[in-house]
Every structure is written in structure tokens, then in C-alpha cells.
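*Asks:* Contents of my_file05.cif (mmCIF, C-alpha atoms) are below:
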data_target
loop_
_atom_site.label_atom_id
_atom_site.label_comp_id
_atom_site.auth_asym_id
_atom_site.auth_seq_id
_atom_site.Cartn_x
_atom_site.Cartn_y
_atom_site.Cartn_z
CA MET A 96 23.49 -5.71 -0.57
CA THR A 97 23.57 -9.24 0.81
CA ALA A 98 21.51 -8.10 3.75
CA ALA A 99 18.98 -6.56 1.38
CA ALA A 100 18.86 -9.67 -0.77
CA SER A 101 18.30 -11.94 2.20
CA THR A 102 15.53 -9.61 3.44
CA GLU A 103 13.81 -9.90 0.10
CA HIS A 104 14.13 -13.66 0.30
CA ASP A 105 12.59 -13.71 3.77
CA HIS A 106 9.68 -11.61 2.61
CA ALA A 107 9.14 -13.77 -0.44
CA GLU A 108 8.55 -16.70 1.89
CA GLY A 109 6.36 -14.85 4.35
CA HIS A 110 3.52 -13.75 2.07
CA ASP A 111 0.81 -14.59 4.55
CA HIS A 112 2.39 -12.19 7.00
CA GLY A 113 1.02 -9.33 4.95
CA ASP A 114 2.54 -6.19 6.42
CA HIS A 115 6.04 -6.33 4.98
CA HIS A 116 5.14 -7.56 1.54
CA VAL A 117 7.60 -6.22 -1.03
CA LEU A 118 5.96 -5.51 -4.38
CA PRO A 119 7.88 -6.67 -7.45
CA LEU A 120 9.08 -3.88 -9.71
CA TRP A 121 7.20 -5.18 -12.76
CA LEU A 122 3.93 -4.85 -10.84
CA LEU A 123 4.63 -1.23 -9.87
CA ILE A 124 5.67 -0.22 -13.39
CA GLY A 125 2.82 -2.22 -14.94
CA THR A 126 0.33 -0.44 -12.68
CA TRP A 127 1.82 2.91 -13.66
CA LEU A 128 1.54 2.06 -17.37
CA ALA A 129 -2.08 0.97 -16.89
CA LEU A 130 -2.86 4.24 -15.07
CA MET A 131 -1.26 6.30 -17.85
CA GLY A 132 -3.14 4.30 -20.51
CA LEU A 133 -6.43 4.84 -18.69
CA THR A 134 -5.71 8.59 -18.41
CA ILE A 135 -5.15 8.83 -22.16
CA PHE A 136 -8.29 6.74 -22.68
CA THR A 137 -10.47 8.98 -20.50
CA VAL A 138 -9.21 12.15 -22.22
CA THR A 139 -9.89 10.59 -25.64
CA ALA A 140 -13.32 9.36 -24.57
CA SER A 141 -14.24 12.87 -23.43
CA THR A 142 -13.75 14.21 -26.97
CA PHE A 143 -16.55 11.97 -28.24
CA HIS A 144 -20.02 13.16 -27.43
CA LEU A 145 -21.53 10.21 -25.66
CA GLY A 146 -24.44 12.20 -24.30
CA ALA A 147 -25.80 10.72 -21.11
CA PHE A 148 -22.93 8.20 -21.00
CA ASP A 149 -20.20 10.87 -20.69
CA LEU A 150 -20.30 11.01 -16.92
CA PRO A 151 -20.69 7.25 -16.22
CA VAL A 152 -17.81 6.44 -18.60
CA ALA A 153 -15.53 9.09 -17.03
CA MET A 154 -16.41 7.96 -13.51
CA GLY A 155 -16.04 4.28 -14.43
CA ILE A 156 -12.51 4.86 -15.75
CA ALA A 157 -11.64 6.98 -12.68
CA THR A 158 -12.89 4.21 -10.41
CA ILE A 159 -10.78 1.58 -12.21
CA LYS A 160 -7.75 3.88 -11.76
CA ALA A 161 -8.58 4.49 -8.10
CA THR A 162 -8.94 0.74 -7.52
CA LEU A 163 -5.53 0.07 -9.09
CA VAL A 164 -3.93 2.74 -6.90
CA MET A 165 -5.58 1.39 -3.74
CA LEU A 166 -4.99 -2.32 -4.33
CA ILE A 167 -1.40 -2.08 -5.57
CA PHE A 168 0.26 1.26 -4.78
CA MET A 169 -1.47 1.45 -1.39
CA HIS A 170 -0.88 -2.29 -0.77
CA LEU A 171 -4.53 -2.89 0.15
CA GLY A 172 -4.56 -6.06 -1.94
CA PHE A 173 -1.77 -7.50 0.24
CA ASP A 174 -2.53 -5.79 3.51
CA LYS A 175 -4.66 -6.67 6.53
CA SER A 176 -8.30 -6.78 5.51
CA PHE A 177 -9.15 -4.47 8.40
CA HIS A 178 -7.49 -1.59 6.55
CA SER A 179 -9.66 -2.34 3.54
CA LEU A 180 -12.71 -2.41 5.79
CA LEU A 181 -11.81 1.07 7.11
CA ILE A 182 -11.45 2.62 3.68
CA TYR A 183 -14.51 0.96 2.14
CA GLY A 184 -16.44 1.94 5.26
CA SER A 185 -15.51 5.56 4.62
CA PHE A 186 -16.84 5.26 1.06
CA LEU A 187 -20.11 3.93 2.45
CA PHE A 188 -20.44 6.97 4.70
CA VAL A 189 -19.60 9.34 1.85
CA PHE A 190 -22.34 7.63 -0.16
CA LEU A 191 -24.83 8.02 2.70
CA PHE A 192 -23.82 11.67 3.19
CA ILE A 193 -24.31 12.60 -0.46
CA SER A 194 -27.52 10.54 -0.69
CA PHE A 195 -29.18 12.38 2.17
CA VAL A 196 -28.23 15.78 0.79
CA TRP A 197 -29.44 14.60 -2.62
CA ILE A 198 -32.85 13.78 -1.19
CA ASP A 199 -33.02 17.28 0.25
CA ARG A 200 -31.58 19.13 -2.72
CA GLY A 201 -34.81 20.42 -4.29
CA GLN A 202 -36.32 21.60 -1.03
CA TYR A 203 -35.59 25.32 -1.40
CA GLN A 204 -35.20 25.49 -5.16
CA VAL A 205 -38.62 27.11 -5.68
CA ASP A 206 -37.66 30.03 -3.42
CA ILE A 207 -34.23 30.32 -5.01
CA ASN A 208 -35.71 30.44 -8.53
CA GLU A 209 -38.22 33.06 -7.47
CA LYS A 210 -35.56 35.30 -5.95
CA GLU A 211 -33.36 34.85 -9.00
CA GLN A 212 -36.14 35.84 -11.40
CA GLN A 213 -36.78 38.96 -9.30
CA GLU A 214 -33.09 39.91 -9.43
CA ILE A 215 -32.96 39.44 -13.19
CA ALA A 216 -36.11 41.53 -13.62
CA ILE A 217 -34.64 44.33 -11.49
CA ASP A 218 -31.31 44.29 -13.38
CA LEU A 219 -32.97 44.29 -16.80
CA GLY A 220 -35.33 47.06 -15.74
CA GLN A 221 -32.46 49.43 -14.96
CA MET B 86 14.31 10.11 19.52
CA SER B 87 17.27 8.74 21.40
CA ASP B 88 18.70 5.64 22.97
CA ALA B 89 17.41 6.90 26.31
CA HIS B 90 14.12 5.21 25.45
CA GLY B 91 15.74 1.94 26.25
CA HIS B 92 15.84 -0.13 23.06
CA GLY B 93 19.59 -0.01 22.61
CA ASP B 94 20.41 -0.79 18.99
CA LYS B 95 16.98 0.33 17.73
CA PRO B 96 17.09 4.14 18.04
CA PHE B 97 13.65 4.73 16.49
CA LEU B 98 11.72 2.12 18.43
CA ALA B 99 9.60 4.03 20.92
CA HIS B 100 9.67 2.62 24.45
CA HIS B 101 5.93 1.94 24.60
CA PHE B 102 6.11 -0.60 21.77
CA GLU B 103 7.18 -4.19 22.28
CA ASP B 104 9.03 -4.48 18.99
CA GLU B 105 9.35 -2.91 15.56
CA ASP B 106 6.41 -4.86 14.12
CA HIS B 107 4.21 -3.60 16.93
CA GLN B 108 5.27 -0.02 16.19
CA PHE B 109 4.78 -0.47 12.45
CA ASP B 110 1.29 -1.97 12.84
CA SER B 111 0.20 0.82 15.17
CA GLY B 112 1.48 3.46 12.77
CA LYS B 113 -0.22 1.78 9.85
CA LEU B 114 -3.57 1.69 11.62
CA GLY B 115 -3.08 5.35 12.49
CA ILE B 116 -2.39 6.45 8.93
CA TRP B 117 -5.40 4.51 7.61
CA ALA B 118 -7.63 6.13 10.21
CA PHE B 119 -6.22 9.50 9.12
CA LEU B 120 -6.87 8.72 5.44
CA VAL B 121 -10.48 7.86 6.31
CA THR B 122 -10.92 11.31 7.88
CA GLU B 123 -9.31 12.83 4.78
CA ILE B 124 -11.83 11.11 2.53
CA LEU B 125 -14.69 12.35 4.71
CA PHE B 126 -13.10 15.83 4.71
CA PHE B 127 -13.02 15.98 0.91
CA SER B 128 -16.47 14.44 0.65
CA GLY B 129 -18.02 17.76 1.73
CA LEU B 130 -16.69 19.38 -1.43
CA PHE B 131 -17.60 16.38 -3.58
CA CYS B 132 -21.10 16.63 -2.13
CA ALA B 133 -21.29 20.31 -3.08
CA TYR B 134 -20.13 19.35 -6.57
CA VAL B 135 -22.74 16.59 -6.96
CA ILE B 136 -25.62 18.77 -5.77
CA TYR B 137 -24.73 21.85 -7.82
CA ARG B 138 -24.06 19.83 -10.92
CA ALA B 139 -27.36 17.99 -10.53
CA MET B 140 -29.19 21.30 -10.08
CA HIS B 141 -27.40 23.23 -12.82
CA PRO B 142 -25.81 20.85 -15.35
CA GLU B 143 -25.66 23.58 -18.03
CA VAL B 144 -23.44 25.74 -15.77
CA PHE B 145 -20.85 22.96 -15.45
CA THR B 146 -20.93 22.10 -19.14
CA PHE B 147 -20.38 25.71 -20.13
CA ALA B 148 -17.92 26.83 -17.45
CA SER B 149 -15.74 23.73 -17.94
CA ASN B 150 -14.71 25.27 -21.30
CA ALA B 151 -12.60 27.73 -19.33
CA LEU B 152 -10.36 24.93 -18.03
CA ASP B 153 -7.35 23.76 -20.00
CA THR B 154 -7.75 19.99 -20.49
CA GLN B 155 -4.16 19.66 -21.66
CA MET B 156 -2.79 21.24 -18.48
CA GLY B 157 -5.05 19.02 -16.39
CA ALA B 158 -3.98 15.90 -18.28
CA ILE B 159 -0.27 16.76 -17.89
CA ASN B 160 -0.81 17.28 -14.17
CA THR B 161 -2.58 13.92 -13.95
CA GLY B 162 0.45 12.29 -15.58
CA VAL B 163 2.84 14.11 -13.24
CA LEU B 164 0.89 13.00 -10.17
CA ILE B 165 0.55 9.38 -11.32
CA PHE B 166 4.28 9.24 -11.99
CA SER B 167 5.00 10.63 -8.53
CA SER B 168 2.73 7.93 -7.11
CA LEU B 169 4.88 5.33 -8.87
CA THR B 170 8.07 6.79 -7.42
CA ALA B 171 6.46 6.96 -3.96
CA ALA B 172 5.50 3.27 -4.16
CA TRP B 173 8.98 2.51 -5.48
CA ALA B 174 10.51 4.41 -2.56
CA VAL B 175 8.64 2.13 -0.15
CA ARG B 176 10.10 -0.86 -1.98
CA ASN B 177 13.59 0.69 -1.72
CA ALA B 178 13.12 1.23 1.99
CA GLN B 179 11.88 -2.34 2.53
CA LEU B 180 14.94 -3.70 0.74
CA GLY B 181 17.36 -1.31 2.43
CA GLN B 182 18.35 0.42 -0.83
CA LYS B 183 19.44 3.80 0.50
CA THR B 184 20.42 5.39 -2.83
CA GLY B 185 17.24 4.24 -4.55
CA LEU B 186 15.17 5.59 -1.67
CA ILE B 187 16.84 9.00 -1.90
CA VAL B 188 16.43 9.12 -5.69
CA ASN B 189 12.76 8.08 -5.63
CA LEU B 190 11.86 10.47 -2.80
CA SER B 191 13.60 13.29 -4.68
CA ILE B 192 11.70 12.52 -7.90
CA THR B 193 8.43 12.42 -5.97
CA ILE B 194 9.15 15.85 -4.46
CA LEU B 195 10.18 17.27 -7.86
CA CYS B 196 6.91 15.99 -9.38
CA ALA B 197 5.00 17.65 -6.55
CA PHE B 198 6.73 20.96 -7.34
CA GLY B 199 5.98 20.40 -11.04
CA PHE B 200 2.32 19.85 -10.21
CA MET B 201 2.18 23.07 -8.19
CA GLY B 202 3.99 24.95 -10.98
CA ILE B 203 1.39 23.90 -13.54
CA LYS B 204 -1.37 24.70 -11.03
CA TYR B 205 0.16 28.16 -10.60
CA LEU B 206 0.08 28.73 -14.38
CA GLU B 207 -3.56 27.62 -14.50
CA TYR B 208 -4.63 29.76 -11.55
CA SER B 209 -2.85 32.89 -12.77
CA HIS B 210 -4.45 32.44 -16.19
CA LYS B 211 -7.89 32.17 -14.56
CA PHE B 212 -7.28 35.26 -12.41
CA HIS B 213 -6.07 37.13 -15.49
CA LEU B 214 -9.44 36.39 -17.13
CA GLY B 215 -11.36 37.54 -14.07
CA LEU B 216 -12.39 34.01 -13.12
CA PHE B 217 -12.11 34.47 -9.37
CA PRO B 218 -13.92 32.44 -6.73
CA GLY B 219 -16.94 34.01 -5.03
CA ASP B 220 -17.95 37.64 -5.40
CA LYS B 221 -14.70 38.67 -7.10
CA TYR B 222 -15.81 36.73 -10.19
CA GLU B 223 -16.05 38.94 -13.25
CA ALA B 224 -15.40 37.04 -16.45
CA LYS B 225 -13.50 38.98 -19.07
CA GLU B 226 -13.51 38.58 -22.82
CA GLY B 227 -12.19 35.21 -23.91
CA ALA B 228 -12.62 33.69 -20.47
CA TYR B 229 -14.39 30.65 -21.90
CA GLY B 230 -11.96 29.81 -24.66
CA ASP B 231 -13.54 32.04 -27.31
CA GLU B 232 -10.36 33.94 -28.15
CA SER B 233 -9.12 31.52 -30.76
CA LYS B 234 -12.53 31.37 -32.45
CA GLY B 235 -12.68 35.16 -32.62
CA ASN B 236 -9.26 35.43 -34.24
CA ALA B 237 -10.08 32.80 -36.87
CA ASN B 238 -13.22 34.63 -37.87
CA THR B 239 -11.84 38.13 -37.97
CA VAL B 240 -9.16 37.33 -40.54
CA ALA B 241 -11.42 37.87 -43.56
CA PHE B 242 -13.68 40.47 -42.03
CA THR B 243 -13.93 43.52 -44.32
CA SER B 244 -16.59 46.08 -45.03
CA PRO B 245 -18.96 45.57 -48.03
CA GLU B 246 -17.31 48.47 -49.94
CA GLU B 247 -13.91 46.84 -49.74
CA GLU B 248 -15.42 43.56 -50.91
CA GLU B 249 -16.78 45.21 -54.04
CA SER B 250 -13.48 46.85 -54.97
CA ALA B 251 -11.67 43.59 -54.42
CA GLU B 252 -14.15 41.80 -56.68
CA GLU B 253 -13.16 44.01 -59.61
CA THR B 254 -9.48 43.19 -59.38
CA GLU B 255 -9.35 39.58 -58.17
CA PRO B 256 -12.66 37.80 -58.77
CA GLY B 257 -11.52 34.39 -57.49
CA VAL B 258 -10.21 35.61 -54.19
CA ALA B 259 -13.04 38.03 -53.66
CA PHE B 260 -15.58 35.25 -54.13
CA SER B 261 -14.19 33.17 -51.34
CA ARG B 262 -13.78 36.25 -49.15
CA GLY B 263 -17.33 37.31 -49.82
CA ASP B 264 -18.51 33.83 -48.84
CA THR B 265 -16.76 34.11 -45.51
CA ALA B 266 -18.17 37.57 -44.90
CA GLU B 267 -21.68 36.36 -45.69
CA ALA B 268 -21.31 33.42 -43.34
CA GLU B 269 -20.12 35.83 -40.70
CA LEU B 270 -23.03 38.14 -41.21
CA ALA B 271 -25.38 35.20 -40.89
CA GLU B 272 -23.64 34.20 -37.70
CA GLN B 273 -23.94 37.75 -36.38
CA GLU B 274 -27.66 37.73 -37.07
CA ALA B 275 -28.08 34.35 -35.45
CA HIS B 276 -26.38 35.65 -32.33
CA GLY B 277 -28.32 38.89 -32.39
CA ASP B 278 -25.13 40.94 -32.77
CA ASP B 279 -25.67 44.66 -33.12
CA GLY B 280 -22.70 45.29 -35.39
CA HIS B 281 -20.02 46.01 -32.80
CA GLY B 282 -17.64 43.52 -34.40
CA HIS B 283 -16.52 40.04 -33.44
CA GLU B 284 -15.12 40.96 -30.07
CA GLU B 285 -18.69 41.31 -28.85
CA LEU B 286 -19.53 37.73 -29.81
CA ALA B 287 -17.73 36.20 -26.86
CA PRO B 288 -19.75 33.15 -25.75
CA TRP B 289 -19.84 34.29 -22.12
CA ASN B 290 -21.73 37.28 -23.43
CA ASP B 291 -23.70 35.21 -25.94
CA PRO B 292 -27.38 36.21 -25.95
CA ASN B 293 -28.23 32.53 -26.49
CA VAL B 294 -26.91 31.71 -23.03
CA PRO B 295 -29.80 32.32 -20.63
CA GLU B 296 -29.31 35.12 -18.13
CA ALA B 297 -29.91 32.72 -15.25
CA THR B 298 -27.04 30.50 -16.43
CA LYS B 299 -24.64 33.43 -16.81
CA ARG B 300 -25.32 34.46 -13.26
CA LYS B 301 -24.57 30.98 -11.98
CA LEU B 302 -21.25 30.45 -13.81
CA LYS B 303 -19.34 31.64 -10.76
CA ILE B 304 -20.69 28.66 -8.80
CA PHE B 305 -18.45 26.45 -10.92
CA PHE B 306 -15.36 28.51 -10.11
CA GLY B 307 -16.18 28.57 -6.42
CA ILE B 308 -16.25 24.77 -6.48
CA TYR B 309 -13.25 24.52 -8.82
CA PHE B 310 -11.02 26.70 -6.63
CA CYS B 311 -12.13 25.06 -3.39
CA MET B 312 -11.59 21.52 -4.64
CA THR B 313 -8.30 22.09 -6.48
CA GLY B 314 -7.17 24.52 -3.77
CA LEU B 315 -7.71 22.07 -0.93
CA HIS B 316 -6.02 19.41 -3.04
CA GLY B 317 -3.14 21.82 -3.70
CA ILE B 318 -2.71 22.42 0.03
CA HIS B 319 -2.42 18.66 0.44
CA VAL B 320 0.28 18.57 -2.22
CA LEU B 321 2.19 21.33 -0.38
CA ILE B 322 1.93 19.42 2.91
CA GLY B 323 3.11 16.34 1.02
CA ILE B 324 6.19 18.27 -0.15
CA LEU B 325 7.01 19.20 3.46
CA VAL B 326 6.54 15.65 4.77
CA LEU B 327 8.47 14.02 1.91
CA GLY B 328 11.22 16.65 2.22
CA TRP B 329 11.61 15.84 5.91
CA LEU B 330 11.75 12.11 5.11
CA LEU B 331 14.34 12.81 2.41
CA THR B 332 16.64 14.39 4.99
CA ARG B 333 16.11 11.38 7.26
CA ALA B 334 16.79 9.00 4.36
CA ILE B 335 20.05 10.82 3.63
CA ARG B 336 21.00 10.44 7.31
CA GLY B 337 20.37 6.71 6.90
CA HIS B 338 17.56 6.39 9.41
CA PHE B 339 15.58 3.79 7.50
CA THR B 340 16.16 0.06 7.51
CA PRO B 341 14.15 -2.96 6.28
CA THR B 342 12.73 -3.27 9.81
CA TYR B 343 12.17 0.46 10.29
CA TYR B 344 10.58 2.07 7.24
CA GLY B 345 7.13 2.98 8.63
CA PRO B 346 7.37 6.74 8.01
CA ILE B 347 8.17 6.15 4.31
CA ASP B 348 5.23 3.75 3.98
CA PHE B 349 2.81 6.09 5.74
CA ALA B 350 3.86 9.19 3.80
CA ALA B 351 3.53 7.19 0.57
CA LEU B 352 0.01 6.15 1.56
CA TYR B 353 -0.87 9.82 2.13
CA TRP B 354 0.66 10.70 -1.22
CA HIS B 355 -1.36 7.99 -3.00
CA LEU B 356 -4.54 9.42 -1.45
CA VAL B 357 -3.66 12.84 -2.85
CA ASP B 358 -3.25 11.13 -6.23
CA LEU B 359 -6.53 9.27 -5.73
CA ILE B 360 -8.46 12.49 -5.17
CA TRP B 361 -6.93 14.07 -8.26
CA ILE B 362 -7.94 10.99 -10.29
CA TYR B 363 -11.56 11.99 -9.57
CA LEU B 364 -11.09 15.76 -9.74
CA PHE B 365 -9.60 15.67 -13.23
CA PRO B 366 -12.59 14.14 -15.10
CA LEU B 367 -15.14 15.87 -12.87
CA LEU B 368 -13.78 19.37 -13.53
CA TYR B 369 -11.87 19.26 -16.82
CA LEU B 370 -13.61 16.61 -18.92
CA ILE B 371 -17.18 17.87 -19.11
CA ASN B 372 -18.73 18.04 -22.56
#
If you convert what's in this file into C-alpha cells, what do you get?

*Replies:*
Amino acid sequence: MTAAASTEHDHAEGHDHGDHHVLPLWLLIGTWLALMGLTIFTVTASTFHLGAFDLPVAMGIATIKATLVMLIFMHLGFDKSFHSLLIYGSFLFVFLFISFVWIDRGQYQVDINEKEQQEIAIDLGQ
Amino acid sequence: MSDAHGHGDKPFLAHHFEDEDHQFDSGKLGIWAFLVTEILFFSGLFCAYVIYRAMHPEVFTFASNALDTQMGAINTGVLIFSSLTAAWAVRNAQLGQKTGLIVNLSITILCAFGFMGIKYLEYSHKFHLGLFPGDKYEAKEGAYGDESKGNANTVAFTSPEEEESAEETEPGVAFSRGDTAEAELAEQEAHGDDGHGHEELAPWNDPNVPEATKRKLKIFFGIYFCMTGLHGIHVLIGILVLGWLLTRAIRGHFTPTYYGPIDFAALYWHLVDLIWIYLFPLLYLIN
């Protein structure tokens, strides 16, 4: 145990070192409580009919939860900034990916609708 | 791994690394690069979700009724708790707390099994109701949560003749019963029911739901099974990896200077949690 205690002491002094930062227990448990609270909040919020705000509210809460997990549980808040750059870079590419498909999404919808109406007409005719 | 690699008292330091920090940093960069590919991997399914939901919002609103929000919420709690124990396990490893590490890894693995158990219950319920992915989809009665509604309504359902005879004996009771029956008849008319009884009023077969929407409901289950299925596979892989690390922890492999594998597996586990954090509201919490 003395070895463990001295290790903790060493790490407490070497915060700028980054990699071997030991998170205090209160921070871990506090993060967990916040995540649980936000889960209850998002389930409760979904029972109210907020109309157009349903999706933004749900996604906003999910993003707060995801940020907590990344910054604290995944140590990104204490880690080398290059790791943060990697992960945020991946989000940028996901955004680009979905954006380009989004631009294209209506391209074939006219044909799809036409085919669908034909199928319905055939089925109802039988 | 053996001492033959030439680092003497550090059995897990590979010979091509200068020291343990060098090895740890390389591993950490590797796991982050892997997590980036994982995010891009999942983004294909998220993209499918975004596009189909944008094109057919009514399909998602309606089909989401078939999912059990309570089960989903419990699973969210289970996964978040396992994320806590995974993060705690890293702390244990950093501080050289062997017992704590073993306990926290075990709890994380148990939570993962719990998650898969609840997932199994959900999937088997869906299959029971004919809610299969792809062409196997054939929704059965009650598939969209209409069973409970049907039971509540059928309690007071009696024929008009019975209502009249009841009126003669117990006017008070019959009045309330008659009211219910009238309301039901009105409801039947509103739904265009042809008198086959309440079983026919299942929302998935509701004439008010456009034919085009009914045909597209299976899109939702295709996306639901792909997204939760791929996520489930990641949970299973997590169980294998964490189980292997548990055996290593029991053998006392990890020290405050050598705990990389615990850290990297925990990062992977947090990503699995992260994806579920988005899947839960996107699939279960649609009004």
C-alpha cells in the first residue's frame, strides 16, 4: 500500500505530464451521478410533447452526456490534446459524410414514390 | 511475452520500446486511432438513420412505439454504471490496487452480461411479434403496443341485447356500461371498423395509418436491428477483452507503470457506452 500511496503522490505532483493522471474518486462518482441524472431527465423530457423541440432536446442531452464521458471517463480533459484532435476530427468527417448524403437524399425520391404507388395500386386491385 | 525480450525486471515491456512510458504512449495513440475508425464505422448506420428519418419521420414516430422505453432506460443505466466501474478499474490499476481492479473488472463484465440479457429479452419479444429485420418482417397483432389498450376497452364490451336486460335490473351500473359501449361504437366508426371486434383495431392495422407508411415500417426495424446488433457485437467483444484482462489482473500482471491494456480496454468500453448514449434517445425516445 505504501508503494501505491507514493505513486499517487508522485502523480499528484506531475499533473502537466498528462498521461498518468489519476482521477479522484469523487470526480468519477460525480460524473456517474450526473450521467444517471441526465438519463432520467431525457426519459422524462420525452414524455412531454415538445413538438419540433423533441429531437434537439434529446440530442442536446445526449451530447452533454457524451462530452462528460469523453472528457472525464476517457481522460480527454487531462490527456494529450492530439488525442482530442483525433476524435474531434472524426466527428468532423462524420458530419461531412452525413451532409453530403443529405444533399443527395431527395435525388431518387420521385422514382421511389412512383414505384411505391404502383405497388400499392396492384396490391389493392387484387 | 517473456524475459527473452531483454528488459529483465519488466516482463511486459516489448523490446522495441525504450521504456514503459514509450510503450504506453504508443498503445494509447493506437487505441485512439482505432476508436476513430470505430466512430467512422458506426457513422454509416447513423447516416442511414438520419436519411431515413428525414425522409419518413412518420415511420419512426409510429414504429418507435414497438420499443420498450423502460428496458432501454434500464440498459442505459447498466451501461453507464459499467463505464464507471471501467474508469474506476483504470484508477485501481494506476494505484496498484489489485483487489479493487479485479472487483471493478468483474462488475464491468457482469454489467455487460446484464446488458446482453436485457437485449436478448427485447429481441425475442420483437421476434415473437413478427418484427424481424428485412423481408422477414411481418408485424403481428399487438406489435406496436396496442395490446394493453385492447384489453382495457374490451372489459365492458357487450351486445346491445345484454345492455337492455342489464338496464332493467341494475340501472346505475347499466348506465355507465352503456356509456362505455357507446364510446366504443363511436370509436369503431371513427376507425372504420367493420364489426369484427376490438382485436381488429390494432393500430398497425389502423385504416388511418396510410398504406405507404405501413409498408415502410420495416425500414425502422432494419435500422434498429443493425444499429443495436452492431452495438451488441461490440459489447460481446468487450466481454471477451475484459475477461482476458481479468485473468491477467488475477495473475498480477498490472502495475502502476504497466497498466496500458486496462486503460485501452476501458477507452473501448467507454466508446461502446458513448454510442449507446446516442442510440437510446434516437431509437426509443421518439414521440

*Asks:* Do a neighbour search on Thr184 of chain B at 9 Å with all atoms listed in the file, toss out local chain neighbours closer than 3 positions, and write the hits as a list in words.

*Replies:*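 Result of the neighbour search: Asn177, Ile187, Val188, Asn189, Ala334 and Ile335 of chain B.
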
*Asks:* Applied to this file, what does the PyMOL selection byres ((chain B) within 8 of (chain A)) return in terms of residues, put as a PyMOL selection string?

*Replies:* chain B and resi 110+114+117-118+120-121+124-125+128+132+135-136+158+161-162+165-166+168-169+172-173+176+179-182+296-297+341+351-352+355+359+362-363+366-367+370-372

*Asks:* So how many Å separate atom CA of Gly345 of chain B and atom CA of Met201 of chain B, to one decimal?

*Replies:* 26.7 Å

*Asks:* Would you translate the PyMOL selection byres ((chain B and resi 153) around 10) into the concrete set of residues it matches in this file, as a list in words?

*Replies:*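 Applied to this file, the PyMOL selection byres ((chain B and resi 153) around 10) returns Ser149, Asn150, Ala151, Leu152, Thr154, Gln155, Met156, Gly157, Ala158, Glu207, His210, Gly230, Tyr369 and Leu370 of chain B.
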
*Asks:* Restricting the calculation to only C-alpha atoms, which member of B:Tyr309, B:Ile360, B:Ser191, B:Pro218 is positioned closest to Leu327 of chain B?

*Replies:*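 Among the listed residues, the smallest separation from Leu327 of chain B belongs to B:Ser191.
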
*Asks:* Any idea what the distance is between atom CA of His319 of chain B and atom CA of Thr170 of chain B?

*Replies:*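 One can read the atom CA of His319 of chain B to atom CA of Thr170 of chain B distance as 17.7 Å.
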
*Asks:* As an exercise, work out the distance from atom CA of Ala148 of chain B to atom CA of Leu206 of chain B in Å and give it to one decimal place.

*Replies:*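 Straight-line distance from atom CA of Ala148 of chain B to atom CA of Leu206 of chain B works out to 18.4 Å.
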
*Asks:* If we draw a sphere of 12 Å around (2.1, 24.6, -10.9), which residues have at least one atom in it when counting all atoms listed in the file? Please report them as number ranges by chain.

*Replies:* B: 156-157, 159-160, 163-164, 195-210, 313-314, 317, 320-321

*Asks:* Kindly save the residues from that selection, with C-alpha atoms included, as a JSON list (two decimals), in the frame of the given file.

*Replies:*
[["chain", "number", "residue", "atom", "x", "y", "z"],
["B", 156, "MET", "CA", -2.79, 21.24, -18.48],
["B", 157, "GLY", "CA", -5.05, 19.02, -16.39],
["B", 159, "ILE", "CA", -0.27, 16.76, -17.89],
["B", 160, "ASN", "CA", -0.81, 17.28, -14.17],
["B", 163, "VAL", "CA", 2.84, 14.11, -13.24],
["B", 164, "LEU", "CA", 0.89, 13.00, -10.17],
["B", 195, "LEU", "CA", 10.18, 17.27, -7.86],
["B", 196, "CYS", "CA", 6.91, 15.99, -9.38],
["B", 197, "ALA", "CA", 5.00, 17.65, -6.55],
["B", 198, "PHE", "CA", 6.73, 20.96, -7.34],
["B", 199, "GLY", "CA", 5.98, 20.40, -11.04],
["B", 200, "PHE", "CA", 2.32, 19.85, -10.21],
["B", 201, "MET", "CA", 2.18, 23.07, -8.19],
["B", 202, "GLY", "CA", 3.99, 24.95, -10.98],
["B", 203, "ILE", "CA", 1.39, 23.90, -13.54],
["B", 204, "LYS", "CA", -1.37, 24.70, -11.03],
["B", 205, "TYR", "CA", 0.16, 28.16, -10.60],
["B", 206, "LEU", "CA", 0.08, 28.73, -14.38],
["B", 207, "GLU", "CA", -3.56, 27.62, -14.50],
["B", 208, "TYR", "CA", -4.63, 29.76, -11.55],
["B", 209, "SER", "CA", -2.85, 32.89, -12.77],
["B", 210, "HIS", "CA", -4.45, 32.44, -16.19],
["B", 313, "THR", "CA", -8.30, 22.09, -6.48],
["B", 314, "GLY", "CA", -7.17, 24.52, -3.77],
["B", 317, "GLY", "CA", -3.14, 21.82, -3.70],
["B", 320, "VAL", "CA", 0.28, 18.57, -2.22],
["B", 321, "LEU", "CA", 2.19, 21.33, -0.38]]

*Asks:* Neighbouring residues of segment 142-145 of chain B were defined as those with any atom within 7 Å, considering all atoms listed in the file; residues of the same chain fewer than 5 positions away were excluded. Please report them as number ranges by chain.

*Replies:* B: 298, 301-302, 305

*Asks:* Could you save those same residues with C-alpha atoms as a short mmCIF file (atom, residue, chain, number, x, y, z; two decimals), in the coordinates of the input?

*Replies:*
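Just written: part_30.cif:
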data_model
loop_
_atom_site.label_atom_id
_atom_site.label_comp_id
_atom_site.auth_asym_id
_atom_site.auth_seq_id
_atom_site.Cartn_x
_atom_site.Cartn_y
_atom_site.Cartn_z
CA THR B 298 -27.04 30.50 -16.43
CA LYS B 301 -24.57 30.98 -11.98
CA LEU B 302 -21.25 30.45 -13.81
CA PHE B 305 -18.45 26.45 -10.92
#

*Asks:* Closest to Leu166 of chain A among A:Gln213, A:Leu122, A:Ala147, A:Tyr203, using all atoms listed in the file?

*Replies:*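 Using all atoms listed in the file, Leu166 of chain A sits closest to A:Leu122.
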
*Asks:* When distances are computed from all atoms listed in the file, which of B:His101, B:Arg138, B:His107, B:Lys95 shows the smallest separation from Ile308 of chain B?

*Replies:*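 Under the stated criterion, the closest residue is B:Arg138.
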